[in-house]
Amino acid sequence: MRAPLDFSAIPPDLLDAVRTVASLSSEAGGRALMVGGAVRDMLAGGTRVKDVDMEVFGIGPERLQQILGRRFAFDPCGISFGVLKLHHFDIDVSLPRRESKRGMGHKGFLVESDPGLTVAEAALRRDFTVNAIYCDPLSGEVEDPCGGMRDLEAGILRHVSGKFVEDPLRVLRGMQFVARFGLTPAPETVALCRTVEREGLPPERMFDEWAKLLTKGVKIGKGLAFLRDTGWVRYFPELQRLIGCEQDPKWHPEGDVWSHTCMCLDAFARHRTGDRIEDVIVGLAVLCHDFGKPATTRHIGGHVRSLGHDEAGVKPTLSFLKRLTSEERILREVPPLVRCHMQPFALWRAHAGDGAVRRLAMKVVRIDRLLRVARADDEGRPLEKSGGSSCGEDLKWLAAAAERLRIAAAAPKPILMGRDLMALGHRPSPQFGAWLHACFEAQLDGAFADHDGAVAYFKEHFAK
């Protein structure tokens with residue numbers, strides 16, 4: 001018999017709350033078990049648990065609200081969906097339930113709570129075996145009706161039952177699980193996923209899975225391979241077109257653009273910062289950076305060339321992103337990184353001045369983001385077998401320049417403003433825009449670096 005599970009990965013305050021839920025349920029004649037990611041992560045080791053899902057057996061919904069209400073605050077409306085989200089703790093408490101498909105997509109289910117279900121019966125509605133492992137937080141005993149522990153130890157991602165196909169979002173969950181935990185999908189799971197249609201999944205739900213892939217994936221390339229092998233890459237044609245798109249073997253001995261992109265994403269994963277929004281923006285830029293190659297790749301003089309692929313990549317990048325999100329910041333800040341991903345090398349080779357570096361910062365918002373994209377691009381191939389590039393000298397040069405100019409994490413902002421012109425006695429007029437633009441261009445070229453210098457420059461050139 002397996003030893004009781006070690007709970008040291010759960011923060012003490014969270015563990016106390018989990019055990020309180022279990023104790024209250026036990027006193028009422030029921031049983032509350034942990035299930036899902038928290039149990040999986042504790043078994044896998046090395047991961048700190050931040051949130052916990054619990055399932056309560058043997059207690060009806062009204063009685064569950066009654067007993068939990070003694071110690072916890074929660075939104076009572078959630079019980080109609082079978083889930084109570086406890087306030088102040090990342091704990092979701094659910095009832096075992098039966099689900100039957102009644103409509104399209106991951107929401108097209110008739111859900112009926114059934115406190116009388118056994119653990120084995122309740123497990124059948126879960127997605128993967130590694131997420132169908134239950135644990136008693138009071139005793140540490142584990143119940144594993146679907147063989148999830150065996151699959152976890154063997155590094156296998158396997159669906160629980162044929163009901164898997166009823167929720168298409170599970171295919172994308174499989175993509176990010178493969179990437180996060182280095183799991184190998186079971187052939188029968190891949191085959192089953194090929195039969196699943198997207199069924200109009202809402203963009204925000206798909207985006208959540210892509211964000212997890214990028215912010216938590218260790219081997220992101222394996223996640224993309226799952227997407228390809230299940231046939232779901234067809235729903236992302238900008239990605240699909242990378243498969244088989246040639247590259248010059250002198251510079252890219254790793255093969256086609258798809259292989260290069262997978263390697264780039266694995267390199268990106270090695271250097272994540274932990275800042276979620278920054279990692280999402282940079283990760284998406286790395287994912288999309290060569291979307292322009294299929295449209296621009298040609299055989300020229302015995303070599304494979306993709307001239308202008310950086311600029312050509314902007315349109316398919318926007319197409320891909322708009323299929324996943326309407327978040328303005330993502331749509332605004334990812335495409336410039338795609339457009340400019342070759343600029344570090346180009347500016348370094350041209351011995352560009354500070355003005356060019358400042359203008360590059362204006363285009364990409366943050367130079368440090370662009371450096372991360374370019375680094376992943378450099379590392380996304382076996383350099384020892386390729387012709388190499390600058391051996392990273394371009395990135396070192398740009399990083400040093402951005403740090404010296406204090407624009408690594410923010411684009412330059414105009415020093416001279418309209419209020420300064422009014423303070424000098426000028427009335428607002430259409431000329432203001434032209435003056436301020438000219439002064440900002442001069443600022444980017446290094447004509448002045450502070451407010452006094454900006455005012456002096458304006459007086460000398462325009463206030464005559």
# chains A, B, ... in the order shown; residues from 1 in each chain; ligands from 1
>>> select_by_dssp(residues="stretch 166-335 of chain A", states="strand (DSSP E)", output="MDAnalysis selection string")
chainID A and resid 184:185 298:300 303:305
>>> write_last_selection(atoms="C-alpha atoms", output="short mmCIF file (atom, residue, chain, number, x, y, z; two decimals), in the first residue's frame")
data_model
loop_
_atom_site.label_atom_id
_atom_site.label_comp_id
_atom_site.auth_asym_id
_atom_site.auth_seq_id
_atom_site.Cartn_x
_atom_site.Cartn_y
_atom_site.Cartn_z
CA THR A 184 3.90 11.57 -23.83
CA PRO A 185 0.32 11.32 -25.09
CA ARG A 298 11.95 31.52 -52.42
CA HIS A 299 14.89 29.67 -53.97
CA ILE A 300 17.37 32.36 -54.98
CA HIS A 303 19.77 29.22 -51.48
CA VAL A 304 16.47 29.37 -49.62
CA ARG A 305 15.58 32.97 -48.79
#
>>> residues_around(residues="stretch 449-454 of chain A", least_positions_apart="2", cutoff="9 Å", atoms="only C-alpha atoms", output="list in words")
Ile415, Leu416, Cys439, Phe440, Gln443, Gly446, Ala447, Ala456, Tyr457, Phe458 and Lys459 of chain A
>>> write_last_selection(atoms="C-alpha atoms", output="CSV table (one decimal), in the first residue's frame")
chain,number,residue,atom,x,y,z
A,415,ILE,CA,10.3,65.9,-22.9
A,416,LEU,CA,8.8,69.0,-24.4
A,439,CYS,CA,11.5,68.5,-31.1
A,440,PHE,CA,10.8,64.9,-30.3
A,443,GLN,CA,15.4,64.4,-28.7
A,446,GLY,CA,20.3,63.1,-28.8
A,447,ALA,CA,20.0,66.9,-29.3
A,456,ALA,CA,16.7,75.8,-25.3
A,457,TYR,CA,16.4,73.7,-28.4
A,458,PHE,CA,12.9,75.0,-29.2
A,459,LYS,CA,13.9,78.6,-28.6
>>> residues_around(residues="A:Met417", least_positions_apart="4", cutoff="12 Å", atoms="only C-alpha atoms", output="VMD selection string")
chain A and resid 413 421 to 424 428 432 to 440 451 454 to 455 458
>>> write_last_selection(atoms="N, CA and C atoms", output="compact mmCIF listing (two decimals), in the first residue's frame")
# COMPACT_ATOMS: atom_id res chain seq x y z
N LYS A 413 9.91 59.01 -23.89
CA LYS A 413 8.74 59.88 -23.90
C LYS A 413 9.16 61.31 -24.21
N LEU A 421 5.20 75.05 -24.37
CA LEU A 421 5.10 76.09 -25.41
C LEU A 421 4.20 77.22 -24.94
N MET A 422 3.12 76.88 -24.23
CA MET A 422 2.24 77.93 -23.70
C MET A 422 2.95 78.76 -22.64
N ALA A 423 3.80 78.10 -21.85
CA ALA A 423 4.55 78.83 -20.83
C ALA A 423 5.54 79.81 -21.46
N LEU A 424 5.92 79.53 -22.71
CA LEU A 424 6.82 80.43 -23.42
C LEU A 424 6.05 81.53 -24.16
N PRO A 428 -2.10 77.98 -28.27
CA PRO A 428 -2.32 76.71 -28.98
C PRO A 428 -2.72 76.95 -30.43
N PHE A 432 1.52 73.72 -33.25
CA PHE A 432 2.05 73.04 -32.06
C PHE A 432 2.49 71.61 -32.39
N GLY A 433 1.62 70.88 -33.12
CA GLY A 433 1.92 69.50 -33.43
C GLY A 433 3.22 69.34 -34.19
N ALA A 434 3.42 70.18 -35.19
CA ALA A 434 4.64 70.11 -36.00
C ALA A 434 5.86 70.45 -35.16
N TRP A 435 5.76 71.47 -34.32
CA TRP A 435 6.89 71.84 -33.45
C TRP A 435 7.25 70.70 -32.49
N LEU A 436 6.23 70.15 -31.84
CA LEU A 436 6.49 69.10 -30.86
C LEU A 436 7.06 67.84 -31.53
N HIS A 437 6.57 67.52 -32.71
CA HIS A 437 7.09 66.37 -33.43
C HIS A 437 8.56 66.58 -33.79
N ALA A 438 8.88 67.78 -34.29
CA ALA A 438 10.26 68.06 -34.67
C ALA A 438 11.19 68.02 -33.45
N CYS A 439 10.71 68.54 -32.33
CA CYS A 439 11.52 68.51 -31.12
C CYS A 439 11.72 67.08 -30.61
N PHE A 440 10.69 66.26 -30.72
CA PHE A 440 10.83 64.88 -30.27
C PHE A 440 11.81 64.13 -31.16
N HIS A 451 14.78 68.80 -19.59
CA HIS A 451 13.79 69.82 -19.89
C HIS A 451 14.44 71.14 -20.30
N ALA A 454 15.55 70.90 -23.76
CA ALA A 454 14.44 70.90 -24.70
C ALA A 454 13.94 72.31 -24.96
N VAL A 455 13.80 73.10 -23.90
CA VAL A 455 13.34 74.48 -24.05
C VAL A 455 14.35 75.28 -24.85
N PHE A 458 14.11 74.41 -28.52
CA PHE A 458 12.94 75.00 -29.15
C PHE A 458 13.16 76.49 -29.43
>>> residues_around(residues="stretch 313-330 of chain A", least_positions_apart="3", cutoff="9 Å", atoms="only C-alpha atoms", output="ChimeraX atom specification")
/A:202-208,210,236-239,280-281,284-285,288-293,295,308-310,333-336,338-339
>>> atom_distance(atom1="atom CA of A:Ser161", atom2="atom CA of A:Met42")
23.6 Å
>>> closest_residue(among="A:Glu460, A:Glu311, A:Asp248, A:Glu393", to="A:Arg349", atoms="only C-alpha atoms")
A:Glu393
>>> select_by_dssp(residues="stretch 216-434 of chain A", states="alpha helix (DSSP H)", output="PyMOL selection string")
chain A and resi 216+220-229+237-240+257-270+276-288+293-296+309-312+314-322+328-333+335-339+343-349+354-364+367-379+393-404+418-423+431-434
>>> residues_around(residues="A:Gln176", least_positions_apart="4", cutoff="9 Å", atoms="only C-alpha atoms", output="VMD selection string")
chain A and resid 172 180 to 181 209 to 214 216 to 217 220 222 to 224
>>> residues_around(residues="A:Asp90", least_positions_apart="4", cutoff="12 Å", atoms="only C-alpha atoms", output="count of residues only")
18
>>> residues_around(residues="A:Val130", least_positions_apart="3", cutoff="7 Å", atoms="only C-alpha atoms", output="PDB file with C-alpha atoms, in the first residue's frame")
ATOM      1  CA  ARG A  40      -1.133  15.542  -9.466  1.00  0.00           C
ATOM      2  CA  ILE A 133      -6.436  11.030  -8.621  1.00  0.00           C
ATOM      3  CA  GLY A 148      -3.459   8.074 -13.003  1.00  0.00           C
ATOM      4  CA  MET A 149      -0.511   7.402 -10.692  1.00  0.00           C
ATOM      5  CA  ASP A 151       0.461   7.036 -15.986  1.00  0.00           C
ATOM      6  CA  LEU A 152       2.119   9.887 -14.093  1.00  0.00           C
TER       7      LEU A 152
END
>>> closest_residue(among="A:Phe448, A:Arg19, A:Gly36, A:Leu265", to="A:Asp279", atoms="only C-alpha atoms")
A:Leu265
>>> closest_residue(among="A:Asp75, A:Lys163, A:Leu444, A:Thr261", to="A:Arg98", atoms="only C-alpha atoms")
A:Lys163
>>> atom_distance(atom1="atom CA of A:Ala410", atom2="atom CA of A:Val365")
6.0 Å
>>> closest_residue(among="A:Arg332, A:Arg366, A:Arg158, A:Arg381", to="A:Glu188", atoms="only C-alpha atoms")
A:Arg158
>>> atom_distance(atom1="atom CA of A:Thr215", atom2="atom CA of A:Glu403")
25.8 Å
